[in-house]
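Source file: model.cif. Holds: mmCIF, C-alpha atoms (C1' of nucleotides).
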data_input
#
loop_
_atom_site.label_atom_id
_atom_site.label_comp_id
_atom_site.auth_asym_id
_atom_site.auth_seq_id
_atom_site.Cartn_x
_atom_site.Cartn_y
_atom_site.Cartn_z
CA MET A 1 103.58 40.26 -72.81
CA PRO A 2 107.39 40.15 -72.64
CA ALA A 3 109.09 43.51 -72.34
CA ARG A 4 110.50 45.19 -75.42
CA THR A 5 114.28 45.26 -75.41
CA ILE A 6 114.27 48.58 -77.19
CA SER A 7 111.58 51.23 -77.04
CA ASP A 8 109.72 52.38 -80.12
CA GLU A 9 111.33 55.78 -79.71
CA GLN A 10 114.87 54.44 -79.54
CA LEU A 11 114.17 52.05 -82.38
CA THR A 12 112.92 54.85 -84.60
CA GLN A 13 115.93 56.99 -83.77
CA GLU A 14 118.33 54.23 -84.82
CA LEU A 15 116.46 53.67 -88.05
CA LEU A 16 116.47 57.42 -88.67
CA GLY A 17 120.23 57.57 -88.26
CA LEU A 18 120.76 54.93 -90.92
CA PHE A 19 118.13 56.08 -93.42
CA ARG A 20 119.19 59.71 -93.36
CA ALA A 21 122.80 58.76 -94.01
CA GLY A 22 122.29 56.07 -96.62
CA GLY A 23 118.89 56.53 -98.19
CA PHE A 24 116.38 53.75 -98.67
CA ASP A 25 118.42 51.60 -101.05
CA GLY A 26 121.67 52.26 -99.24
CA VAL A 27 120.53 50.62 -96.04
CA SER A 28 120.10 46.85 -95.69
CA LEU A 29 118.22 44.87 -93.10
CA THR A 30 121.61 43.64 -91.92
CA ASP A 31 122.59 47.26 -91.21
CA LEU A 32 119.30 47.78 -89.42
CA GLN A 33 119.60 44.74 -87.21
CA GLU A 34 123.14 45.65 -86.25
CA ALA A 35 122.15 49.20 -85.34
CA THR A 36 119.09 48.23 -83.37
CA GLY A 37 120.29 45.01 -81.76
CA LEU A 38 117.15 43.28 -83.02
CA LYS A 39 117.18 40.34 -85.40
CA ARG A 40 115.46 40.48 -88.79
CA SER A 41 112.41 38.64 -87.60
CA SER A 42 112.00 40.93 -84.59
CA LEU A 43 112.10 43.94 -86.86
CA TYR A 44 109.38 42.30 -88.95
CA HIS A 45 107.36 41.75 -85.80
CA ARG A 46 107.49 45.48 -85.10
CA PHE A 47 107.08 46.48 -88.75
CA PRO A 48 105.07 43.80 -90.59
CA GLY A 49 105.35 45.83 -93.78
CA GLY A 50 109.11 45.34 -93.79
CA LYS A 51 111.70 47.88 -94.78
CA LEU A 52 109.17 50.17 -96.45
CA GLU A 53 107.10 50.39 -93.29
CA MET A 54 110.24 51.14 -91.30
CA ALA A 55 111.07 54.02 -93.65
CA VAL A 56 107.53 55.38 -93.56
CA SER A 57 107.51 55.13 -89.80
CA VAL A 58 110.72 57.12 -89.58
CA LEU A 59 109.35 59.80 -91.90
CA ASP A 60 106.18 60.09 -89.83
CA ALA A 61 108.18 60.32 -86.63
CA VAL A 62 110.40 63.03 -88.06
CA GLU A 63 107.46 65.08 -89.25
CA GLY A 64 105.92 64.74 -85.82
CA GLN A 65 109.11 65.79 -84.04
CA LEU A 66 109.51 68.68 -86.44
CA ARG A 67 106.00 69.96 -85.85
CA GLU A 68 106.18 69.48 -82.11
CA HIS A 69 109.66 70.78 -81.31
CA VAL A 70 110.51 73.13 -84.17
CA LEU A 71 107.57 74.51 -86.08
CA SER A 72 105.55 74.99 -82.90
CA LEU A 73 108.06 77.63 -81.89
CA ALA A 74 106.67 79.87 -84.63
CA LYS A 75 103.52 80.37 -82.56
CA ASP A 76 105.17 81.36 -79.31
CA GLU A 77 104.68 84.72 -77.70
CA ALA A 78 108.26 85.84 -78.13
CA PRO A 79 109.29 88.54 -80.62
CA LEU A 80 109.50 87.42 -84.23
CA VAL A 81 113.29 87.43 -84.45
CA ASP A 82 113.60 85.38 -81.31
CA ARG A 83 111.20 82.76 -82.63
CA ILE A 84 113.04 82.46 -85.93
CA GLU A 85 116.36 82.18 -84.12
CA ALA A 86 114.93 79.50 -81.85
CA ILE A 87 113.79 77.54 -84.88
CA GLY A 88 117.29 77.93 -86.31
CA ARG A 89 118.83 76.52 -83.15
CA GLU A 90 116.51 73.52 -83.22
CA LEU A 91 117.25 72.85 -86.87
CA SER A 92 120.96 73.15 -86.22
CA ALA A 93 120.65 70.61 -83.42
CA PHE A 94 118.61 68.26 -85.61
CA TYR A 95 121.31 68.30 -88.29
CA ASP A 96 124.14 68.31 -85.72
CA ALA A 97 125.42 71.62 -87.06
CA GLY A 98 125.55 70.28 -90.60
CA ARG A 99 127.19 66.92 -89.95
CA LEU A 100 124.03 64.91 -90.60
CA ALA A 101 122.28 64.58 -93.94
CA CYS A 102 118.65 65.47 -94.51
CA LEU A 103 116.24 62.55 -94.64
CA LEU A 104 114.16 64.38 -97.24
CA ASP A 105 117.12 64.43 -99.57
CA SER A 106 118.38 60.90 -99.05
CA MET A 107 114.97 59.24 -99.11
CA THR A 108 113.88 60.76 -102.40
CA LEU A 109 116.65 59.40 -104.59
CA GLY A 110 115.82 56.95 -107.32
CA VAL A 111 112.15 56.15 -107.76
CA PRO A 112 110.77 56.50 -104.24
CA ALA A 113 107.71 54.50 -103.24
CA ALA A 114 104.49 56.50 -103.34
CA ASP A 115 104.26 56.51 -99.53
CA ILE A 116 107.72 57.97 -99.25
CA ALA A 117 107.22 60.61 -101.93
CA ALA A 118 103.99 61.76 -100.30
CA ARG A 119 105.47 62.01 -96.82
CA THR A 120 108.69 63.75 -97.79
CA LYS A 121 106.66 66.26 -99.76
CA ALA A 122 104.28 66.83 -96.86
CA THR A 123 107.17 67.50 -94.50
CA ALA A 124 108.80 69.92 -96.92
CA VAL A 125 105.49 71.71 -97.35
CA ALA A 126 105.06 71.98 -93.58
CA LEU A 127 108.45 73.65 -93.30
CA VAL A 128 107.75 76.02 -96.16
CA GLU A 129 104.33 76.94 -94.75
CA THR A 130 105.83 77.82 -91.41
CA PHE A 131 108.59 79.89 -93.00
CA THR A 132 105.98 81.60 -95.15
CA ARG A 133 103.84 82.56 -92.17
CA LEU A 134 106.86 83.98 -90.39
CA SER A 135 107.83 85.95 -93.46
CA VAL A 136 104.34 87.36 -93.86
CA GLU A 137 104.45 88.34 -90.21
CA ALA A 138 107.70 90.12 -90.98
CA GLY A 139 105.82 92.27 -93.45
CA GLN A 140 106.36 90.54 -96.79
CA GLY A 141 103.54 90.01 -99.24
CA GLN A 142 102.18 86.50 -99.58
CA ALA A 143 103.85 85.78 -102.93
CA ASP A 144 107.23 87.11 -101.84
CA ALA A 145 106.94 85.28 -98.55
CA GLU A 146 106.34 81.96 -100.29
CA MET A 147 109.37 82.48 -102.49
CA THR A 148 111.68 83.41 -99.68
CA ALA A 149 110.39 80.48 -97.65
CA VAL A 150 111.21 78.00 -100.39
CA ASP A 151 114.60 79.64 -100.88
CA ALA A 152 115.32 79.44 -97.16
CA LEU A 153 114.62 75.70 -97.19
CA ALA A 154 116.77 75.31 -100.30
CA ALA A 155 119.60 77.18 -98.60
CA ILE A 156 119.54 74.72 -95.71
CA GLU A 157 119.28 71.64 -97.92
CA GLY A 158 122.04 72.90 -100.18
CA ALA A 159 124.29 73.72 -97.29
CA LEU A 160 123.90 70.16 -96.02
CA VAL A 161 124.90 68.78 -99.42
CA VAL A 162 127.90 71.09 -99.66
CA SER A 163 128.88 70.25 -96.11
CA ARG A 164 128.95 66.57 -97.02
CA LEU A 165 130.80 67.22 -100.26
CA MET A 166 133.52 69.50 -99.01
CA GLY A 167 133.58 68.81 -95.29
CA ASP A 168 133.00 72.49 -94.57
CA ARG A 169 130.27 73.19 -92.03
CA SER A 170 130.43 76.98 -92.22
CA ALA A 171 127.91 77.14 -95.08
CA PHE A 172 125.34 75.42 -92.89
CA LYS A 173 125.95 77.88 -90.09
CA ARG A 174 125.43 80.75 -92.51
CA ALA A 175 122.21 79.20 -93.82
CA ILE A 176 120.87 79.02 -90.26
CA ASP A 177 122.17 82.40 -89.12
CA SER A 178 120.74 84.13 -92.17
CA LEU A 179 117.27 82.75 -91.54
CA PRO A 180 115.84 85.93 -89.96
CA THR A 181 117.19 88.14 -92.73
CA ARG A 182 116.02 85.74 -95.43
CA LEU A 183 112.52 85.73 -94.01
CA GLY A 184 112.43 89.49 -94.12
CA VAL A 185 113.27 90.53 -90.57
CA SER A 186 115.40 93.62 -91.06
CA MET B 1 138.42 44.68 -133.83
CA PRO B 2 134.60 44.40 -133.97
CA ALA B 3 132.76 47.69 -133.88
CA ARG B 4 131.32 48.95 -130.61
CA THR B 5 127.55 48.94 -130.58
CA ILE B 6 127.50 52.01 -128.40
CA SER B 7 130.15 54.72 -128.22
CA ASP B 8 132.01 55.53 -125.03
CA GLU B 9 130.31 58.91 -124.99
CA GLN B 10 126.80 57.52 -125.30
CA LEU B 11 127.58 54.80 -122.79
CA THR B 12 128.80 57.31 -120.24
CA GLN B 13 125.73 59.49 -120.78
CA GLU B 14 123.39 56.56 -120.08
CA LEU B 15 125.31 55.63 -116.96
CA LEU B 16 125.22 59.27 -115.86
CA GLY B 17 121.46 59.39 -116.23
CA LEU B 18 121.00 56.43 -113.96
CA PHE B 19 123.60 57.29 -111.33
CA ARG B 20 122.50 60.89 -110.92
CA ALA B 21 118.90 59.78 -110.40
CA GLY B 22 119.46 56.79 -108.16
CA GLY B 23 122.86 57.11 -106.54
CA PHE B 24 125.42 54.34 -106.43
CA ASP B 25 123.44 51.86 -104.35
CA GLY B 26 120.17 52.68 -106.05
CA VAL B 27 121.33 51.48 -109.45
CA SER B 28 121.80 47.81 -110.27
CA LEU B 29 123.75 46.18 -113.08
CA THR B 30 120.39 45.07 -114.41
CA ASP B 31 119.32 48.72 -114.66
CA LEU B 32 122.59 49.53 -116.36
CA GLN B 33 122.35 46.80 -118.95
CA GLU B 34 118.78 47.76 -119.79
CA ALA B 35 119.69 51.41 -120.22
CA THR B 36 122.77 50.76 -122.32
CA GLY B 37 121.63 47.74 -124.30
CA LEU B 38 124.81 45.95 -123.29
CA LYS B 39 124.86 42.73 -121.29
CA ARG B 40 126.57 42.49 -117.95
CA SER B 41 129.68 40.89 -119.35
CA SER B 42 130.01 43.54 -122.04
CA LEU B 43 129.84 46.23 -119.41
CA TYR B 44 132.61 44.42 -117.55
CA HIS B 45 134.63 44.30 -120.75
CA ARG B 46 134.42 48.09 -120.96
CA PHE B 47 134.82 48.61 -117.21
CA PRO B 48 136.90 45.75 -115.75
CA GLY B 49 136.58 47.35 -112.32
CA GLY B 50 132.84 46.78 -112.36
CA LYS B 51 130.20 49.12 -111.03
CA LEU B 52 132.69 51.23 -109.10
CA GLU B 53 134.74 51.89 -112.21
CA MET B 54 131.57 52.83 -114.08
CA ALA B 55 130.70 55.35 -111.39
CA VAL B 56 134.21 56.80 -111.29
CA SER B 57 134.24 57.02 -115.06
CA VAL B 58 130.99 58.96 -115.01
CA LEU B 59 132.31 61.34 -112.36
CA ASP B 60 135.47 61.96 -114.37
CA ALA B 61 133.45 62.57 -117.52
CA VAL B 62 131.19 65.03 -115.73
CA GLU B 63 134.10 66.95 -114.29
CA GLY B 64 135.65 67.09 -117.75
CA GLN B 65 132.43 68.32 -119.36
CA LEU B 66 131.98 70.85 -116.60
CA ARG B 67 135.48 72.27 -117.03
CA GLU B 68 135.27 72.29 -120.79
CA HIS B 69 131.78 73.62 -121.40
CA VAL B 70 130.89 75.55 -118.26
CA LEU B 71 133.82 76.72 -116.20
CA SER B 72 135.82 77.64 -119.30
CA LEU B 73 133.25 80.36 -119.94
CA ALA B 74 134.61 82.23 -116.93
CA LYS B 75 137.77 83.05 -118.92
CA ASP B 76 136.08 84.44 -122.01
CA GLU B 77 136.51 87.99 -123.18
CA ALA B 78 132.90 88.98 -122.61
CA PRO B 79 131.84 91.32 -119.78
CA LEU B 80 131.67 89.72 -116.34
CA VAL B 81 127.87 89.63 -116.13
CA ASP B 82 127.58 88.02 -119.52
CA ARG B 83 130.03 85.29 -118.56
CA ILE B 84 128.20 84.51 -115.33
CA GLU B 85 124.89 84.42 -117.15
CA ALA B 86 126.36 82.10 -119.76
CA ILE B 87 127.53 79.77 -117.00
CA GLY B 88 124.03 79.91 -115.54
CA ARG B 89 122.51 78.90 -118.86
CA GLU B 90 124.90 75.95 -119.19
CA LEU B 91 124.16 74.80 -115.64
CA SER B 92 120.45 75.11 -116.25
CA ALA B 93 120.80 72.97 -119.37
CA PHE B 94 122.89 70.38 -117.49
CA TYR B 95 120.20 70.02 -114.84
CA ASP B 96 117.35 70.33 -117.37
CA ALA B 97 116.02 73.41 -115.62
CA GLY B 98 115.91 71.60 -112.28
CA ARG B 99 114.35 68.33 -113.38
CA LEU B 100 117.54 66.32 -112.99
CA ALA B 101 119.30 65.60 -109.73
CA CYS B 102 122.93 66.46 -109.04
CA LEU B 103 125.38 63.60 -109.30
CA LEU B 104 127.44 65.11 -106.48
CA ASP B 105 124.47 64.79 -104.16
CA SER B 106 123.29 61.34 -105.13
CA MET B 107 126.73 59.75 -105.29
CA THR B 108 127.80 60.84 -101.82
CA LEU B 109 125.05 59.17 -99.83
CA GLY B 110 125.94 56.40 -97.45
CA VAL B 111 129.62 55.62 -97.11
CA PRO B 112 130.97 56.44 -100.55
CA ALA B 113 134.08 54.64 -101.79
CA ALA B 114 137.25 56.68 -101.44
CA ASP B 115 137.49 57.19 -105.21
CA ILE B 116 133.98 58.61 -105.31
CA ALA B 117 134.44 60.88 -102.32
CA ALA B 118 137.66 62.28 -103.77
CA ARG B 119 136.16 62.97 -107.21
CA THR B 120 132.92 64.51 -106.00
CA LYS B 121 134.91 66.78 -103.72
CA ALA B 122 137.26 67.76 -106.52
CA THR B 123 134.36 68.69 -108.78
CA ALA B 124 132.69 70.73 -106.07
CA VAL B 125 135.97 72.51 -105.40
CA ALA B 126 136.38 73.27 -109.09
CA LEU B 127 132.96 74.91 -109.15
CA VAL B 128 133.64 76.90 -106.01
CA GLU B 129 137.02 78.05 -107.28
CA THR B 130 135.52 79.35 -110.50
CA PHE B 131 132.72 81.12 -108.64
CA THR B 132 135.30 82.59 -106.28
CA ARG B 133 137.42 83.96 -109.11
CA LEU B 134 134.37 85.57 -110.69
CA SER B 135 133.37 87.08 -107.39
CA VAL B 136 136.83 88.50 -106.80
CA GLU B 137 136.71 89.94 -110.29
CA ALA B 138 133.42 91.56 -109.30
CA GLY B 139 135.26 93.39 -106.56
CA GLN B 140 134.77 91.22 -103.50
CA GLY B 141 137.62 90.46 -101.14
CA GLN B 142 139.03 86.94 -101.26
CA ALA B 143 137.37 85.75 -98.03
CA ASP B 144 133.96 87.15 -98.94
CA ALA B 145 134.28 85.78 -102.45
CA GLU B 146 134.94 82.27 -101.15
CA MET B 147 131.91 82.44 -98.89
CA THR B 148 129.57 83.69 -101.57
CA ALA B 149 130.91 81.07 -103.97
CA VAL B 150 130.14 78.25 -101.57
CA ASP B 151 126.72 79.75 -100.88
CA ALA B 152 125.99 80.00 -104.59
CA LEU B 153 126.77 76.33 -105.04
CA ALA B 154 124.64 75.49 -102.01
CA ALA B 155 121.76 77.51 -103.45
CA ILE B 156 121.86 75.46 -106.64
CA GLU B 157 122.18 72.12 -104.84
CA GLY B 158 119.40 73.01 -102.44
CA ALA B 159 117.13 74.17 -105.21
CA LEU B 160 117.58 70.82 -106.93
CA VAL B 161 116.61 68.98 -103.75
CA VAL B 162 113.57 71.20 -103.21
CA SER B 163 112.60 70.81 -106.84
CA ARG B 164 112.61 67.03 -106.41
CA LEU B 165 110.75 67.23 -103.11
CA MET B 166 107.99 69.62 -104.07
CA GLY B 167 107.93 69.41 -107.85
CA ASP B 168 108.43 73.16 -108.09
CA ARG B 169 111.14 74.23 -110.51
CA SER B 170 110.93 77.95 -109.82
CA ALA B 171 113.45 77.78 -106.96
CA PHE B 172 116.03 76.41 -109.35
CA LYS B 173 115.38 79.21 -111.82
CA ARG B 174 115.85 81.74 -109.04
CA ALA B 175 119.10 80.10 -107.94
CA ILE B 176 120.45 80.40 -111.47
CA ASP B 177 119.09 83.87 -112.17
CA SER B 178 120.49 85.22 -108.92
CA LEU B 179 123.99 83.99 -109.72
CA PRO B 180 125.35 87.38 -110.88
CA THR B 181 123.94 89.17 -107.84
CA ARG B 182 125.18 86.47 -105.48
CA LEU B 183 128.69 86.71 -106.88
CA GLY B 184 128.71 90.43 -106.26
CA VAL B 185 127.85 91.91 -109.64
CA SER B 186 125.71 94.92 -108.75
"C1'" DG C 1 108.66 39.68 -78.24
"C1'" DT C 2 112.73 37.68 -79.68
"C1'" DC C 3 115.13 34.11 -81.48
"C1'" DT C 4 117.31 30.33 -85.11
"C1'" DA C 5 116.80 28.58 -89.43
"C1'" DT C 6 115.59 28.90 -94.04
"C1'" DA C 7 113.40 30.14 -98.54
"C1'" DC C 8 114.28 32.28 -102.75
"C1'" DG C 9 115.19 35.96 -105.75
"C1'" DA C 10 118.46 39.74 -107.07
"C1'" DC C 11 122.90 41.25 -106.54
"C1'" DG C 12 127.80 41.94 -108.44
"C1'" DA C 13 131.06 39.42 -110.83
"C1'" DT C 14 133.35 35.79 -113.97
"C1'" DA C 15 134.28 31.92 -117.59
"C1'" DG C 16 134.29 30.72 -122.00
"C1'" DA C 17 131.86 30.36 -126.76
"C1'" DC C 18 131.41 32.99 -130.92
"C1'" DG D 1 133.32 43.13 -128.49
"C1'" DT D 2 129.32 40.87 -127.27
"C1'" DC D 3 127.06 37.08 -125.92
"C1'" DT D 4 124.97 32.87 -122.80
"C1'" DA D 5 125.52 30.60 -118.72
"C1'" DT D 6 126.79 30.37 -114.19
"C1'" DC D 7 129.03 31.27 -109.63
"C1'" DG D 8 128.79 32.73 -104.77
"C1'" DT D 9 126.89 36.29 -101.85
"C1'" DC D 10 123.69 39.17 -99.98
"C1'" DG D 11 119.13 40.99 -100.36
"C1'" DT D 12 114.18 40.86 -98.33
"C1'" DA D 13 111.02 38.12 -96.27
"C1'" DT D 14 108.90 34.12 -93.59
"C1'" DA D 15 108.07 29.82 -90.43
"C1'" DG D 16 108.10 28.12 -86.22
"C1'" DA D 17 110.56 27.23 -81.55
"C1'" DC D 18 111.06 29.38 -77.09
#

Using structure tokens, write down the structure from this file.
Amino acid sequence: MPARTISDEQLTQELLGLFRAGGFDGVSLTDLQEATGLKRSSLYHRFPGGKLEMAVSVLDAVEGQLREHVLSLAKDEAPLVDRIEAIGRELSAFYDAGRLACLLDSMTLGVPAADIAARTKATAVALVETFTRLSVEAGQGQADAEMTAVDALAAIEGALVVSRLMGDRSAFKRAIDSLPTRLGVS
Amino acid sequence: MPARTISDEQLTQELLGLFRAGGFDGVSLTDLQEATGLKRSSLYHRFPGGKLEMAVSVLDAVEGQLREHVLSLAKDEAPLVDRIEAIGRELSAFYDAGRLACLLDSMTLGVPAADIAARTKATAVALVETFTRLSVEAGQGQADAEMTAVDALAAIEGALVVSRLMGDRSAFKRAIDSLPTRLGVS
DNA sequence: GTCTATACGACGATAGAC
DNA sequence: GTCTATCGTCGTATAGAC
């Protein structure tokens, strides 16, 4: 079995970079082969389902990374504020302080394939559930906690859009920095 | 001069519907001719610059509508809260209570053409400037007003993304309803 | 596992009849 | 002003050699 010239992890990261910036329709197989250094047919060897399978694979990888490296922080032993701030730092790193678009936004334009709609929704729900738990822990009632959780996610997503539109990253920083307050930590 | 089978206004509205939902790359000329009832070549007769000119034309029309029907409300004679609420109602109508995506988001994915980047930015700036003026009028200092204005726009944009992701329109309603408070009206 | 070569449809765009 | 017909390119996807 000949060695792979690029690892699955690296491959997924390159695909992620393109899909998050351009969306599903905005990225061509030519773009993908240039970014990965693999020819079309090699990409099809790795992803027999073609471009759709590549996109789904990226979404799965992102949800996995998110759960493992970000949302898991919510269950640490540290004080509540510290955990929320740690999550904020991880999110800021994932979006390169607001310079990178959100995959959930770019992949849901147009009429997304069912696989894509289901996975983007699941990832959004995972984020909201974590924020909700933190907010409940901060003392909010369940209903209020769910609302503030959704609004916190919206603040981040919106800040990323505005950052792209106006080239001003300060809104993203505020969305991250305000996370503890938003979730109800005095 | 033979009569036009579809008015410029109707034509632009159909193009807007497609571009806001699918973004520039996500919409094909075939989509456009089906939505407008005009054949490719007729679309090119109206927009010699092709798809890019159609997109730019839509962006210009939206900025015009926004200035005329929404932002103009900021200069009415009514009390400040009433004017902000009126703007909220117009924005809610424009986005069909959160069911429709924002053109500024969908058109800036990928590497947008220079014309598109310039116009989306100009429209975003127009919104922020109006929000800023209202916030200053509410008693905030200039720097604070600019921040809250950007955050208010981000809240709306983010709520639209979340609405699309999770199918929950309540976040959009909250973003609109909280507009007066956000802009500093007690 | 990766490559070259190719199939074939959809893409944006244009020419010319009416 | 709208149409039919067509161009050349790029899209996704596949076959088969190495």

For this session: Identify, on the basis of all atoms listed in the file, every residue whose closest approach to range 9-17 of chain D does not exceed 12 Å; exclude the query and any residue fewer than 5 positions from it along the same chain; express the result as a ChimeraX atom specification.
Result: /A:25-31,40-45,47-52 /C:2-13

Closest contacts (chain A/chain C, max 9 Å, all atoms listed in the file) as JSON lines:
{"residue": "A:Met1", "atom": "CA", "partner": "C:DG1", "partner_atom": "C1'", "distance": 7.5}
{"residue": "A:Pro2", "atom": "CA", "partner": "C:DG1", "partner_atom": "C1'", "distance": 5.8}
{"residue": "A:Ala3", "atom": "CA", "partner": "C:DG1", "partner_atom": "C1'", "distance": 7.0}
{"residue": "A:Arg4", "atom": "CA", "partner": "C:DG1", "partner_atom": "C1'", "distance": 6.5}
{"residue": "A:Thr5", "atom": "CA", "partner": "C:DG1", "partner_atom": "C1'", "distance": 8.4}
{"residue": "A:Leu38", "atom": "CA", "partner": "C:DT2", "partner_atom": "C1'", "distance": 7.9}
{"residue": "A:Lys39", "atom": "CA", "partner": "C:DC3", "partner_atom": "C1'", "distance": 7.6}
{"residue": "A:Ser41", "atom": "CA", "partner": "C:DT2", "partner_atom": "C1'", "distance": 8.0}
{"residue": "A:Ser42", "atom": "CA", "partner": "C:DT2", "partner_atom": "C1'", "distance": 5.9}
{"residue": "A:His45", "atom": "CA", "partner": "C:DG1", "partner_atom": "C1'", "distance": 7.9}

Requested write-out: C-alpha atoms of the selected residues, as a tab-separated table (two decimals), keeping the file's coordinate frame:
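Wrote part_2.tsv, looks like this:
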chain	number	residue	atom	x	y	z
A	1	MET	CA	103.58	40.26	-72.81
A	2	PRO	CA	107.39	40.15	-72.64
A	3	ALA	CA	109.09	43.51	-72.34
A	4	ARG	CA	110.50	45.19	-75.42
A	5	THR	CA	114.28	45.26	-75.41
A	38	LEU	CA	117.15	43.28	-83.02
A	39	LYS	CA	117.18	40.34	-85.40
A	41	SER	CA	112.41	38.64	-87.60
A	42	SER	CA	112.00	40.93	-84.59
A	45	HIS	CA	107.36	41.75	-85.80

Exercise. Which is closer to Ala159 in chain B than all the others in A:Asp105, A:Ser72, A:Ala113, A:Leu80, using all atoms listed in the file?
Worked result: A:Asp105

Exercise. Applied to the shown file, which residues does the PyMOL selection byres ((chain D) within 10 of (chain B)) return, written as a VMD selection string?
Worked result: chain D and resid 1 to 4

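With all atoms listed in the file as the atoms that count, the minimum distance from Pro112 in chain A to the choices B:Ala21, B:Ala97, B:Leu71, B:Leu15 is reached by B:Ala21.
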
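Residues in contact range of Leu183 in chain A, defined as at most 8 Å between only C-alpha atoms (C1' of nucleotides), with sequence neighbours fewer than 4 positions away removed, read Phe131, Thr132, Leu134, Ser135, Ala138, Ala145, Thr148, Ala149, Ala152 and Leu179 of chain A.
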
Problem set entry | chain A residues near chain B (7 Å cut-off, only C-alpha atoms) as a ChimeraX atom specification | /A:21-23,25-26,105-106,109-110,120-121,150-151,154-159,161-162,165-166,171

For this session: Name every residue that the PyMOL selection byres ((chain B and resi 11) around 12) selects in this structure, writing the answer as a ChimeraX atom specification with chains first and numbers rising.
Result: /B:4-10,12-18,32-38,42-43,46-47,54-55,57-58,61

For this session: Enter the distance from CA of Gln65 in chain A to CA of Pro180 in chain A, in Å, rounded to one decimal.
Result: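 CA of Pro180 in chain A lies at a distance of 22.0 Å from CA of Gln65 in chain A.
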
Exercise. CA of Glu85 in chain B and CA of Val70 in chain B are how many Å apart?
Worked result: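 That distance, rounded to one decimal, is 10.8 Å.
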